[in-house]
$ cat query-v8.txt   # compact mmCIF, N, CA and C atoms
# COMPACT_ATOMS: atom_id res chain seq x y z
N MET A 1 8.99 -10.28 34.28
CA MET A 1 9.77 -10.14 33.06
C MET A 1 10.34 -11.47 32.59
N SER A 2 9.98 -12.56 33.24
CA SER A 2 10.52 -13.86 32.85
C SER A 2 10.00 -14.31 31.49
N SER A 3 8.95 -13.68 30.99
CA SER A 3 8.42 -14.06 29.68
C SER A 3 9.23 -13.46 28.54
N GLU A 4 10.07 -12.44 28.81
CA GLU A 4 10.86 -11.82 27.76
C GLU A 4 11.83 -12.79 27.09
N PRO A 5 12.64 -13.55 27.83
CA PRO A 5 13.54 -14.51 27.16
C PRO A 5 12.76 -15.57 26.38
N ALA A 6 11.64 -16.02 26.92
CA ALA A 6 10.83 -17.02 26.20
C ALA A 6 10.24 -16.42 24.94
N ALA A 7 9.81 -15.17 24.99
CA ALA A 7 9.26 -14.50 23.81
C ALA A 7 10.34 -14.31 22.75
N ARG A 8 11.53 -13.93 23.18
CA ARG A 8 12.64 -13.76 22.23
C ARG A 8 13.00 -15.09 21.58
N GLU A 9 13.04 -16.14 22.40
CA GLU A 9 13.36 -17.47 21.88
C GLU A 9 12.30 -17.92 20.86
N ALA A 10 11.04 -17.67 21.17
CA ALA A 10 9.95 -18.02 20.25
C ALA A 10 10.06 -17.22 18.96
N ALA A 11 10.42 -15.94 19.06
CA ALA A 11 10.57 -15.10 17.87
C ALA A 11 11.72 -15.59 17.00
N VAL A 12 12.82 -16.00 17.63
CA VAL A 12 13.96 -16.53 16.88
C VAL A 12 13.56 -17.83 16.17
N GLU A 13 12.82 -18.66 16.85
CA GLU A 13 12.36 -19.92 16.26
C GLU A 13 11.43 -19.66 15.07
N ARG A 14 10.51 -18.70 15.21
CA ARG A 14 9.61 -18.34 14.10
C ARG A 14 10.42 -17.83 12.91
N ALA A 15 11.40 -17.00 13.16
CA ALA A 15 12.24 -16.47 12.08
C ALA A 15 13.01 -17.58 11.39
N ARG A 16 13.49 -18.55 12.16
CA ARG A 16 14.21 -19.69 11.58
C ARG A 16 13.30 -20.49 10.66
N ARG A 17 12.06 -20.74 11.13
CA ARG A 17 11.10 -21.50 10.32
C ARG A 17 10.75 -20.75 9.04
N ILE A 18 10.57 -19.45 9.14
CA ILE A 18 10.26 -18.64 7.96
C ILE A 18 11.42 -18.69 6.97
N ALA A 19 12.64 -18.59 7.47
CA ALA A 19 13.82 -18.65 6.60
C ALA A 19 13.91 -20.00 5.89
N GLU A 20 13.60 -21.08 6.59
CA GLU A 20 13.61 -22.41 5.98
C GLU A 20 12.56 -22.52 4.88
N GLU A 21 11.35 -22.02 5.15
CA GLU A 21 10.28 -22.06 4.15
C GLU A 21 10.63 -21.18 2.95
N ARG A 22 11.20 -20.04 3.21
CA ARG A 22 11.58 -19.12 2.13
C ARG A 22 12.61 -19.76 1.21
N ALA A 23 13.54 -20.52 1.78
CA ALA A 23 14.57 -21.17 0.98
C ALA A 23 13.99 -22.21 0.02
N LYS A 24 12.83 -22.75 0.34
CA LYS A 24 12.19 -23.76 -0.50
C LYS A 24 11.44 -23.16 -1.69
N LYS A 25 11.18 -21.85 -1.65
CA LYS A 25 10.40 -21.20 -2.70
C LYS A 25 11.29 -20.89 -3.90
N PRO A 26 10.76 -21.06 -5.11
CA PRO A 26 11.59 -20.81 -6.30
C PRO A 26 11.86 -19.32 -6.51
N PRO A 27 13.01 -19.00 -7.10
CA PRO A 27 13.32 -17.59 -7.37
C PRO A 27 12.48 -17.07 -8.53
N ARG A 28 12.32 -15.76 -8.63
CA ARG A 28 11.59 -15.20 -9.77
C ARG A 28 12.49 -15.26 -11.00
N LYS A 29 11.87 -15.29 -12.16
CA LYS A 29 12.62 -15.46 -13.41
C LYS A 29 13.27 -14.18 -13.91
N LYS A 30 12.61 -13.03 -13.74
CA LYS A 30 13.19 -11.76 -14.17
C LYS A 30 12.73 -10.64 -13.25
N THR A 31 13.49 -9.54 -13.25
CA THR A 31 13.16 -8.40 -12.39
C THR A 31 12.01 -7.61 -13.01
N PRO A 32 10.95 -7.39 -12.23
CA PRO A 32 9.80 -6.64 -12.76
C PRO A 32 10.08 -5.13 -12.75
N PRO A 33 9.32 -4.35 -13.54
CA PRO A 33 9.51 -2.90 -13.55
C PRO A 33 9.09 -2.23 -12.24
N LYS A 34 8.14 -2.86 -11.52
CA LYS A 34 7.68 -2.32 -10.23
C LYS A 34 7.64 -3.43 -9.19
N LEU A 35 7.79 -3.02 -7.94
CA LEU A 35 7.71 -3.95 -6.82
C LEU A 35 6.74 -3.41 -5.78
N ALA A 36 6.12 -4.31 -5.05
CA ALA A 36 5.24 -3.93 -3.94
C ALA A 36 6.08 -3.74 -2.69
N VAL A 37 5.84 -2.65 -1.98
CA VAL A 37 6.52 -2.39 -0.72
C VAL A 37 5.45 -2.06 0.31
N ILE A 38 5.46 -2.75 1.43
CA ILE A 38 4.44 -2.51 2.45
C ILE A 38 4.91 -1.44 3.42
N ASP A 39 4.08 -0.42 3.57
CA ASP A 39 4.34 0.63 4.57
C ASP A 39 3.83 0.08 5.90
N GLN A 40 4.73 -0.49 6.68
CA GLN A 40 4.32 -1.17 7.91
C GLN A 40 3.73 -0.23 8.95
N SER A 41 3.93 1.07 8.82
CA SER A 41 3.34 1.99 9.80
C SER A 41 1.82 2.03 9.66
N GLY A 42 1.29 1.63 8.51
CA GLY A 42 -0.16 1.59 8.32
C GLY A 42 -0.72 0.20 8.24
N CYS A 43 0.15 -0.80 8.22
CA CYS A 43 -0.29 -2.21 8.09
C CYS A 43 -0.93 -2.68 9.39
N THR A 44 -2.08 -3.34 9.26
CA THR A 44 -2.76 -3.88 10.44
C THR A 44 -2.50 -5.37 10.63
N GLY A 45 -1.80 -5.99 9.69
CA GLY A 45 -1.56 -7.42 9.78
C GLY A 45 -2.78 -8.26 9.45
N CYS A 46 -3.71 -7.69 8.70
CA CYS A 46 -4.97 -8.39 8.41
C CYS A 46 -4.79 -9.57 7.46
N GLU A 47 -3.66 -9.62 6.75
CA GLU A 47 -3.31 -10.71 5.85
C GLU A 47 -4.14 -10.77 4.57
N ALA A 48 -4.92 -9.73 4.26
CA ALA A 48 -5.73 -9.74 3.03
C ALA A 48 -4.84 -9.86 1.80
N CYS A 49 -3.69 -9.24 1.81
CA CYS A 49 -2.78 -9.27 0.66
C CYS A 49 -2.22 -10.66 0.38
N ILE A 50 -1.99 -11.43 1.43
CA ILE A 50 -1.37 -12.74 1.29
C ILE A 50 -2.18 -13.66 0.40
N VAL A 51 -3.49 -13.60 0.52
CA VAL A 51 -4.39 -14.47 -0.24
C VAL A 51 -4.23 -14.26 -1.75
N PHE A 52 -3.94 -13.03 -2.17
CA PHE A 52 -3.90 -12.71 -3.60
C PHE A 52 -2.53 -12.86 -4.24
N CYS A 53 -1.48 -13.03 -3.46
CA CYS A 53 -0.13 -13.11 -4.02
C CYS A 53 0.07 -14.45 -4.75
N PRO A 54 0.29 -14.40 -6.07
CA PRO A 54 0.43 -15.65 -6.83
C PRO A 54 1.76 -16.35 -6.64
N VAL A 55 2.76 -15.67 -6.07
CA VAL A 55 4.07 -16.29 -5.89
C VAL A 55 4.44 -16.47 -4.41
N ASP A 56 3.49 -16.25 -3.52
CA ASP A 56 3.70 -16.47 -2.08
C ASP A 56 4.93 -15.75 -1.57
N CYS A 57 5.03 -14.44 -1.89
CA CYS A 57 6.21 -13.68 -1.45
C CYS A 57 5.91 -12.73 -0.31
N ILE A 58 4.73 -12.83 0.30
CA ILE A 58 4.39 -11.97 1.43
C ILE A 58 4.46 -12.78 2.71
N GLU A 59 5.26 -12.32 3.63
CA GLU A 59 5.48 -13.05 4.88
C GLU A 59 4.84 -12.31 6.06
N ILE A 60 4.35 -13.07 7.02
CA ILE A 60 3.82 -12.51 8.25
C ILE A 60 5.00 -12.22 9.18
N VAL A 61 5.02 -11.01 9.73
CA VAL A 61 6.02 -10.62 10.71
C VAL A 61 5.29 -10.59 12.04
N PRO A 62 5.47 -11.62 12.88
CA PRO A 62 4.72 -11.70 14.14
C PRO A 62 5.06 -10.57 15.11
N GLY A 63 4.11 -10.32 16.00
CA GLY A 63 4.36 -9.38 17.08
C GLY A 63 5.39 -9.95 18.02
N VAL A 64 5.88 -9.17 18.94
CA VAL A 64 6.97 -9.58 19.81
C VAL A 64 6.57 -10.69 20.78
N GLU A 65 5.63 -10.41 21.65
CA GLU A 65 5.30 -11.38 22.69
C GLU A 65 4.19 -12.33 22.28
N PHE A 66 3.21 -11.84 21.58
CA PHE A 66 2.09 -12.66 21.14
C PHE A 66 2.08 -12.63 19.62
N ALA A 67 2.11 -13.77 18.99
CA ALA A 67 2.31 -13.88 17.55
C ALA A 67 1.37 -13.00 16.73
N GLN A 68 0.10 -12.90 17.08
CA GLN A 68 -0.82 -12.13 16.26
C GLN A 68 -1.06 -10.72 16.78
N PHE A 69 -0.49 -10.36 17.90
CA PHE A 69 -0.63 -9.02 18.44
C PHE A 69 0.45 -8.15 17.83
N GLN A 70 0.06 -7.08 17.21
CA GLN A 70 0.99 -6.15 16.55
C GLN A 70 1.76 -6.79 15.42
N GLN A 71 1.15 -7.79 14.77
CA GLN A 71 1.82 -8.38 13.61
C GLN A 71 1.64 -7.47 12.40
N VAL A 72 2.56 -7.56 11.47
CA VAL A 72 2.47 -6.87 10.19
C VAL A 72 2.90 -7.88 9.13
N VAL A 73 2.94 -7.45 7.89
CA VAL A 73 3.44 -8.32 6.83
C VAL A 73 4.53 -7.58 6.07
N GLU A 74 5.33 -8.32 5.31
CA GLU A 74 6.35 -7.71 4.47
C GLU A 74 6.46 -8.50 3.17
N VAL A 75 6.86 -7.81 2.12
CA VAL A 75 7.05 -8.42 0.80
C VAL A 75 8.51 -8.80 0.65
N ASP A 76 8.75 -10.01 0.21
CA ASP A 76 10.10 -10.45 -0.12
C ASP A 76 10.43 -9.85 -1.48
N LEU A 77 11.20 -8.78 -1.49
CA LEU A 77 11.48 -8.05 -2.73
C LEU A 77 12.25 -8.87 -3.75
N GLU A 78 12.95 -9.89 -3.30
CA GLU A 78 13.68 -10.76 -4.23
C GLU A 78 12.76 -11.71 -4.98
N ARG A 79 11.53 -11.87 -4.49
CA ARG A 79 10.59 -12.80 -5.12
C ARG A 79 9.37 -12.12 -5.73
N CYS A 80 9.12 -10.87 -5.38
CA CYS A 80 7.95 -10.14 -5.89
C CYS A 80 8.03 -10.05 -7.42
N ILE A 81 6.90 -10.31 -8.09
CA ILE A 81 6.85 -10.23 -9.56
C ILE A 81 6.17 -8.96 -10.05
N GLY A 82 5.76 -8.09 -9.13
CA GLY A 82 5.19 -6.81 -9.50
C GLY A 82 3.78 -6.86 -10.06
N CYS A 83 3.01 -7.87 -9.72
CA CYS A 83 1.67 -8.04 -10.28
C CYS A 83 0.66 -7.03 -9.73
N ALA A 84 0.92 -6.45 -8.58
CA ALA A 84 0.09 -5.43 -7.93
C ALA A 84 -1.22 -5.96 -7.34
N LEU A 85 -1.41 -7.26 -7.29
CA LEU A 85 -2.64 -7.78 -6.70
C LEU A 85 -2.74 -7.46 -5.22
N CYS A 86 -1.63 -7.52 -4.51
CA CYS A 86 -1.65 -7.20 -3.08
C CYS A 86 -2.04 -5.75 -2.87
N ALA A 87 -1.47 -4.85 -3.67
CA ALA A 87 -1.78 -3.42 -3.55
C ALA A 87 -3.25 -3.15 -3.85
N LYS A 88 -3.76 -3.84 -4.85
CA LYS A 88 -5.16 -3.65 -5.25
C LYS A 88 -6.12 -4.08 -4.15
N HIS A 89 -5.78 -5.14 -3.42
CA HIS A 89 -6.70 -5.72 -2.44
C HIS A 89 -6.42 -5.32 -1.00
N CYS A 90 -5.40 -4.49 -0.77
CA CYS A 90 -5.12 -4.03 0.60
C CYS A 90 -6.22 -3.07 1.05
N PRO A 91 -6.97 -3.42 2.10
CA PRO A 91 -8.05 -2.53 2.54
C PRO A 91 -7.55 -1.23 3.19
N TRP A 92 -6.28 -1.15 3.49
CA TRP A 92 -5.73 0.03 4.17
C TRP A 92 -4.86 0.88 3.25
N ASP A 93 -4.72 0.50 1.99
CA ASP A 93 -3.90 1.24 1.02
C ASP A 93 -2.48 1.49 1.53
N THR A 94 -1.87 0.46 2.08
CA THR A 94 -0.51 0.62 2.61
C THR A 94 0.53 -0.11 1.77
N ILE A 95 0.17 -0.47 0.53
CA ILE A 95 1.12 -1.17 -0.33
C ILE A 95 1.30 -0.39 -1.63
N PRO A 96 2.26 0.52 -1.65
CA PRO A 96 2.53 1.23 -2.91
C PRO A 96 3.32 0.34 -3.87
N MET A 97 3.07 0.52 -5.15
CA MET A 97 3.85 -0.13 -6.19
C MET A 97 4.88 0.90 -6.64
N LEU A 98 6.15 0.59 -6.44
CA LEU A 98 7.22 1.54 -6.75
C LEU A 98 8.11 0.97 -7.84
N ALA A 99 8.70 1.86 -8.64
CA ALA A 99 9.69 1.42 -9.62
C ALA A 99 10.75 0.61 -8.87
N THR A 100 11.27 -0.41 -9.51
CA THR A 100 12.17 -1.35 -8.83
C THR A 100 13.30 -0.66 -8.07
N ALA A 101 14.02 0.23 -8.71
CA ALA A 101 15.14 0.91 -8.04
C ALA A 101 14.64 1.73 -6.84
N GLU A 102 13.51 2.41 -7.02
CA GLU A 102 12.94 3.20 -5.92
C GLU A 102 12.48 2.29 -4.79
N ALA A 103 11.87 1.16 -5.13
CA ALA A 103 11.40 0.21 -4.11
C ALA A 103 12.56 -0.29 -3.26
N LEU A 104 13.65 -0.64 -3.91
CA LEU A 104 14.81 -1.15 -3.17
C LEU A 104 15.41 -0.06 -2.27
N ARG A 105 15.32 1.18 -2.72
CA ARG A 105 15.84 2.31 -1.94
C ARG A 105 14.89 2.68 -0.79
N GLU A 106 13.57 2.66 -1.03
CA GLU A 106 12.59 3.12 -0.06
C GLU A 106 12.13 2.05 0.94
N ALA A 107 12.25 0.79 0.60
CA ALA A 107 11.76 -0.29 1.46
C ALA A 107 12.27 -0.20 2.90
N PRO A 108 13.55 0.04 3.14
CA PRO A 108 14.00 0.12 4.54
C PRO A 108 13.30 1.23 5.33
N ARG A 109 12.98 2.34 4.68
CA ARG A 109 12.31 3.45 5.35
C ARG A 109 10.89 3.09 5.75
N LEU A 110 10.25 2.20 5.00
CA LEU A 110 8.87 1.81 5.26
C LEU A 110 8.74 0.54 6.09
N THR A 111 9.85 -0.15 6.33
CA THR A 111 9.84 -1.42 7.04
C THR A 111 10.28 -1.25 8.48
N GLN A 112 9.39 -1.59 9.42
CA GLN A 112 9.70 -1.47 10.84
C GLN A 112 10.37 -2.71 11.38
N LYS A 113 9.95 -3.89 10.90
CA LYS A 113 10.56 -5.14 11.34
C LYS A 113 10.49 -6.15 10.21
N SER A 114 11.46 -7.06 10.19
CA SER A 114 11.58 -8.02 9.10
C SER A 114 11.88 -9.41 9.63
N VAL A 115 11.32 -10.41 8.98
CA VAL A 115 11.67 -11.79 9.32
C VAL A 115 12.50 -12.44 8.21
N ILE A 116 12.70 -11.71 7.12
CA ILE A 116 13.45 -12.29 6.01
C ILE A 116 14.79 -11.59 5.79
N GLY A 117 15.18 -10.77 6.75
CA GLY A 117 16.51 -10.17 6.70
C GLY A 117 16.64 -8.93 5.84
N GLN A 118 15.52 -8.29 5.49
CA GLN A 118 15.59 -7.05 4.74
C GLN A 118 15.93 -5.90 5.70
N LYS A 119 16.52 -4.85 5.16
CA LYS A 119 16.85 -3.70 6.00
C LYS A 119 15.57 -3.04 6.50
N THR A 120 15.67 -2.45 7.69
CA THR A 120 14.52 -1.82 8.34
C THR A 120 14.88 -0.39 8.75
N GLN A 121 13.90 0.29 9.35
CA GLN A 121 14.11 1.64 9.87
C GLN A 121 15.26 1.66 10.88
N ALA A 122 15.37 0.62 11.67
CA ALA A 122 16.44 0.55 12.68
C ALA A 122 17.82 0.55 12.02
N ASP A 123 17.92 -0.11 10.86
CA ASP A 123 19.19 -0.12 10.13
C ASP A 123 19.56 1.26 9.61
N LEU A 124 18.53 2.05 9.33
CA LEU A 124 18.75 3.41 8.84
C LEU A 124 18.90 4.42 9.97
N GLY A 125 18.58 3.99 11.20
CA GLY A 125 18.62 4.89 12.34
C GLY A 125 17.43 5.84 12.37
N THR A 126 16.30 5.42 11.73
CA THR A 126 15.11 6.29 11.67
C THR A 126 13.90 5.63 12.29
N ALA A 127 14.10 4.73 13.23
CA ALA A 127 12.96 4.06 13.86
C ALA A 127 12.04 5.08 14.51
N ALA A 128 10.75 4.83 14.36
CA ALA A 128 9.75 5.75 14.92
C ALA A 128 9.84 5.74 16.44
N ALA A 129 9.67 6.88 17.04
CA ALA A 129 9.75 6.99 18.51
C ALA A 129 8.49 6.55 19.16

$ encode --input "query-v8.txt" --output "structure tokens"
Amino acid sequence: MSSEPAAREAAVERARRIAEERAKKPPRKKTPPKLAVIDQSGCTGCEACIVFCPVDCIEIVPGVEFAQFQQVVEVDLERCIGCALCAKHCPWDTIPMLATAEALREAPRLTQKSVIGQKTQADLGTAAA
């Protein structure tokens, strides 16, 4: 079990780097009518959506012990422009486009883990068993 503290430390470091990179990205100019929300329970972490995002608002959420094992992605809802390119190109159909208010309400229910500080299932007390 000696790898657990090292894995946690590595995860904290990855989250710090992601937060630094996120801070460098420009804010969106206006709130779109719809936002992309990734249903992480169906996400395979294939990263197909990332390639199509014109504003680079999709972040990789690494797996716990091994960065690419059990990784998923999440949309930074504060930066999403609602273009729907990620949803169109997701091979697993796990990115619904939701009305902005609904997206902000539903995102925590669909998010298992976050690297950008968004609410998750754990915050709601509904984490999958």

$ closest_residue --input "query-v8.txt" --among "A:Pro54, A:Pro33, A:Gly42, A:Gly125" --to "A:Asp93" --atoms "only N, CA and C atoms"
A:Gly42

$ closest_residue --input "query-v8.txt" --among "A:Lys119, A:Arg105, A:Lys34, A:Arg22" --to "A:Ala84" --atoms "all atoms listed in the file"
A:Lys34

$ residues_around --input "query-v8.txt" --residues "stretch 13-18 of chain A" --least-positions-apart "3" --cutoff "8 Å" --atoms "all atoms listed in the file" --output "tab-separated table (two decimals) with N, CA and C atoms, in the coordinates of the input"
chain	number	residue	atom	x	y	z
A	7	ALA	N	9.81	-15.17	24.99
A	7	ALA	CA	9.26	-14.50	23.81
A	7	ALA	C	10.34	-14.31	22.75
A	8	ARG	N	11.53	-13.93	23.18
A	8	ARG	CA	12.64	-13.76	22.23
A	8	ARG	C	13.00	-15.09	21.58
A	9	GLU	N	13.04	-16.14	22.40
A	9	GLU	CA	13.36	-17.47	21.88
A	9	GLU	C	12.30	-17.92	20.86
A	10	ALA	N	11.04	-17.67	21.17
A	10	ALA	CA	9.95	-18.02	20.25
A	10	ALA	C	10.06	-17.22	18.96
A	21	GLU	N	11.35	-22.02	5.15
A	21	GLU	CA	10.28	-22.06	4.15
A	21	GLU	C	10.63	-21.18	2.95
A	22	ARG	N	11.20	-20.04	3.21
A	22	ARG	CA	11.58	-19.12	2.13
A	22	ARG	C	12.61	-19.76	1.21
A	23	ALA	N	13.54	-20.52	1.78
A	23	ALA	CA	14.57	-21.17	0.98
A	23	ALA	C	13.99	-22.21	0.02
A	24	LYS	N	12.83	-22.75	0.34
A	24	LYS	CA	12.19	-23.76	-0.50
A	24	LYS	C	11.44	-23.16	-1.69
A	59	GLU	N	5.26	-12.32	3.63
A	59	GLU	CA	5.48	-13.05	4.88
A	59	GLU	C	4.84	-12.31	6.06
A	62	PRO	N	5.47	-11.62	12.88
A	62	PRO	CA	4.72	-11.70	14.14
A	62	PRO	C	5.06	-10.57	15.11
A	114	SER	N	11.46	-7.06	10.19
A	114	SER	CA	11.58	-8.02	9.10
A	114	SER	C	11.88	-9.41	9.63
A	115	VAL	N	11.32	-10.41	8.98
A	115	VAL	CA	11.67	-11.79	9.32
A	115	VAL	C	12.50	-12.44	8.21
A	116	ILE	N	12.70	-11.71	7.12
A	116	ILE	CA	13.45	-12.29	6.01
A	116	ILE	C	14.79	-11.59	5.79

$ atom_distance --input "query-v8.txt" --atom1 "atom C of A:Cys57" --atom2 "atom CA of A:Leu77"
7.7 Å

$ select_by_dssp --input "query-v8.txt" --residues "chain A" --states "strand (DSSP E or B)" --output "number ranges by chain"
A: 34-36, 58-61, 72-75, 97-99

$ write_last_selection --input "query-v8.txt" --atoms "N, CA and C atoms" --output "PDB file, in the frame of the given file"
ATOM      1  N   LYS A  34       8.140  -2.860 -11.520  1.00  0.00           N
ATOM      2  CA  LYS A  34       7.680  -2.320 -10.230  1.00  0.00           C
ATOM      3  C   LYS A  34       7.640  -3.430  -9.190  1.00  0.00           C
ATOM      4  N   LEU A  35       7.790  -3.020  -7.940  1.00  0.00           N
ATOM      5  CA  LEU A  35       7.710  -3.950  -6.820  1.00  0.00           C
ATOM      6  C   LEU A  35       6.740  -3.410  -5.780  1.00  0.00           C
ATOM      7  N   ALA A  36       6.120  -4.310  -5.050  1.00  0.00           N
ATOM      8  CA  ALA A  36       5.240  -3.930  -3.940  1.00  0.00           C
ATOM      9  C   ALA A  36       6.080  -3.740  -2.690  1.00  0.00           C
ATOM     10  N   ILE A  58       4.730 -12.830   0.300  1.00  0.00           N
ATOM     11  CA  ILE A  58       4.390 -11.970   1.430  1.00  0.00           C
ATOM     12  C   ILE A  58       4.460 -12.780   2.710  1.00  0.00           C
ATOM     13  N   GLU A  59       5.260 -12.320   3.630  1.00  0.00           N
ATOM     14  CA  GLU A  59       5.480 -13.050   4.880  1.00  0.00           C
ATOM     15  C   GLU A  59       4.840 -12.310   6.060  1.00  0.00           C
ATOM     16  N   ILE A  60       4.350 -13.070   7.020  1.00  0.00           N
ATOM     17  CA  ILE A  60       3.820 -12.510   8.250  1.00  0.00           C
ATOM     18  C   ILE A  60       5.000 -12.220   9.180  1.00  0.00           C
ATOM     19  N   VAL A  61       5.020 -11.010   9.730  1.00  0.00           N
ATOM     20  CA  VAL A  61       6.020 -10.620  10.710  1.00  0.00           C
ATOM     21  C   VAL A  61       5.290 -10.590  12.040  1.00  0.00           C
ATOM     22  N   VAL A  72       2.560  -7.560  11.470  1.00  0.00           N
ATOM     23  CA  VAL A  72       2.470  -6.870  10.190  1.00  0.00           C
ATOM     24  C   VAL A  72       2.900  -7.880   9.130  1.00  0.00           C
ATOM     25  N   VAL A  73       2.940  -7.450   7.890  1.00  0.00           N
ATOM     26  CA  VAL A  73       3.440  -8.320   6.830  1.00  0.00           C
ATOM     27  C   VAL A  73       4.530  -7.580   6.070  1.00  0.00           C
ATOM     28  N   GLU A  74       5.330  -8.320   5.310  1.00  0.00           N
ATOM     29  CA  GLU A  74       6.350  -7.710   4.470  1.00  0.00           C
ATOM     30  C   GLU A  74       6.460  -8.500   3.170  1.00  0.00           C
ATOM     31  N   VAL A  75       6.860  -7.810   2.120  1.00  0.00           N
ATOM     32  CA  VAL A  75       7.050  -8.420   0.800  1.00  0.00           C
ATOM     33  C   VAL A  75       8.510  -8.800   0.650  1.00  0.00           C
ATOM     34  N   MET A  97       3.070   0.520  -5.150  1.00  0.00           N
ATOM     35  CA  MET A  97       3.850  -0.130  -6.190  1.00  0.00           C
ATOM     36  C   MET A  97       4.880   0.900  -6.640  1.00  0.00           C
ATOM     37  N   LEU A  98       6.150   0.590  -6.440  1.00  0.00           N
ATOM     38  CA  LEU A  98       7.220   1.540  -6.750  1.00  0.00           C
ATOM     39  C   LEU A  98       8.110   0.970  -7.840  1.00  0.00           C
ATOM     40  N   ALA A  99       8.700   1.860  -8.640  1.00  0.00           N
ATOM     41  CA  ALA A  99       9.690   1.420  -9.620  1.00  0.00           C
ATOM     42  C   ALA A  99      10.750   0.610  -8.870  1.00  0.00           C
TER      43      ALA A  99
END

$ closest_residue --input "query-v8.txt" --among "A:Gly63, A:Pro91, A:Pro96, A:Pro5" --to "A:Leu35" --atoms "all atoms listed in the file"
A:Pro96

$ closest_residue --input "query-v8.txt" --among "A:Cys80, A:Leu85, A:Ala48, A:Val37" --to "A:Thr111" --atoms "only C-alpha atoms"
A:Val37

$ atom_distance --input "query-v8.txt" --atom1 "atom C of A:Asp123" --atom2 "atom N of A:Thr100"
20.9 Å

$ atom_distance --input "query-v8.txt" --atom1 "atom N of A:Cys86" --atom2 "atom CA of A:Lys30"
18.2 Å

$ closest_residue --input "query-v8.txt" --among "A:Cys53, A:Met97, A:Cys90, A:Cys43" --to "A:Val72" --atoms "all atoms listed in the file"
A:Cys43

$ closest_residue --input "query-v8.txt" --among "A:Ile58, A:Ala19, A:Cys83, A:Val12" --to "A:Pro32" --atoms "all atoms listed in the file"
A:Cys83

$ residues_around --input "query-v8.txt" --residues "A:Leu124" --least-positions-apart "3" --cutoff "8 Å" --atoms "all atoms listed in the file" --output "PDB file with N, CA and C atoms, in the frame of the given file"
ATOM      1  N   PRO A 108      13.550   0.040   3.140  1.00  0.00           N
ATOM      2  CA  PRO A 108      14.000   0.120   4.540  1.00  0.00           C
ATOM      3  C   PRO A 108      13.300   1.230   5.330  1.00  0.00           C
ATOM      4  N   ARG A 109      12.980   2.340   4.680  1.00  0.00           N
ATOM      5  CA  ARG A 109      12.310   3.450   5.350  1.00  0.00           C
ATOM      6  C   ARG A 109      10.890   3.090   5.750  1.00  0.00           C
ATOM      7  N   LYS A 119      16.520  -4.850   5.160  1.00  0.00           N
ATOM      8  CA  LYS A 119      16.850  -3.700   6.000  1.00  0.00           C
ATOM      9  C   LYS A 119      15.570  -3.040   6.500  1.00  0.00           C
ATOM     10  N   THR A 120      15.670  -2.450   7.690  1.00  0.00           N
ATOM     11  CA  THR A 120      14.520  -1.820   8.340  1.00  0.00           C
ATOM     12  C   THR A 120      14.880  -0.390   8.750  1.00  0.00           C
ATOM     13  N   GLN A 121      13.900   0.290   9.350  1.00  0.00           N
ATOM     14  CA  GLN A 121      14.110   1.640   9.870  1.00  0.00           C
ATOM     15  C   GLN A 121      15.260   1.660  10.880  1.00  0.00           C
ATOM     16  N   ALA A 127      14.100   4.730  13.230  1.00  0.00           N
ATOM     17  CA  ALA A 127      12.960   4.060  13.860  1.00  0.00           C
ATOM     18  C   ALA A 127      12.040   5.080  14.510  1.00  0.00           C
TER      19      ALA A 127
END

$ select_by_dssp --input "query-v8.txt" --residues "chain A" --states "alpha helix (DSSP H)" --output "PyMOL selection string"
chain A and resi 3-24+48-52+85-89+100-110+121-124

$ residues_around --input "query-v8.txt" --residues "A:Ile95" --least-positions-apart "4" --cutoff "6 Å" --atoms "only N, CA and C atoms" --output "list in words"
Ala36, Val37, Ile38, Asp39 and Ala87 of chain A

$ residues_near_point --input "query-v8.txt" --point "(-0.1, -9.2, 8.3)" --cutoff "8 Å" --atoms "all atoms listed in the file" --output "list of chain:residue names"
A:Cys43, A:Thr44, A:Gly45, A:Cys46, A:Glu47, A:Ala48, A:Cys49, A:Ile50, A:Glu59, A:Ile60, A:Val61, A:Pro62, A:Gln70, A:Gln71, A:Val72, A:Val73, A:Glu74
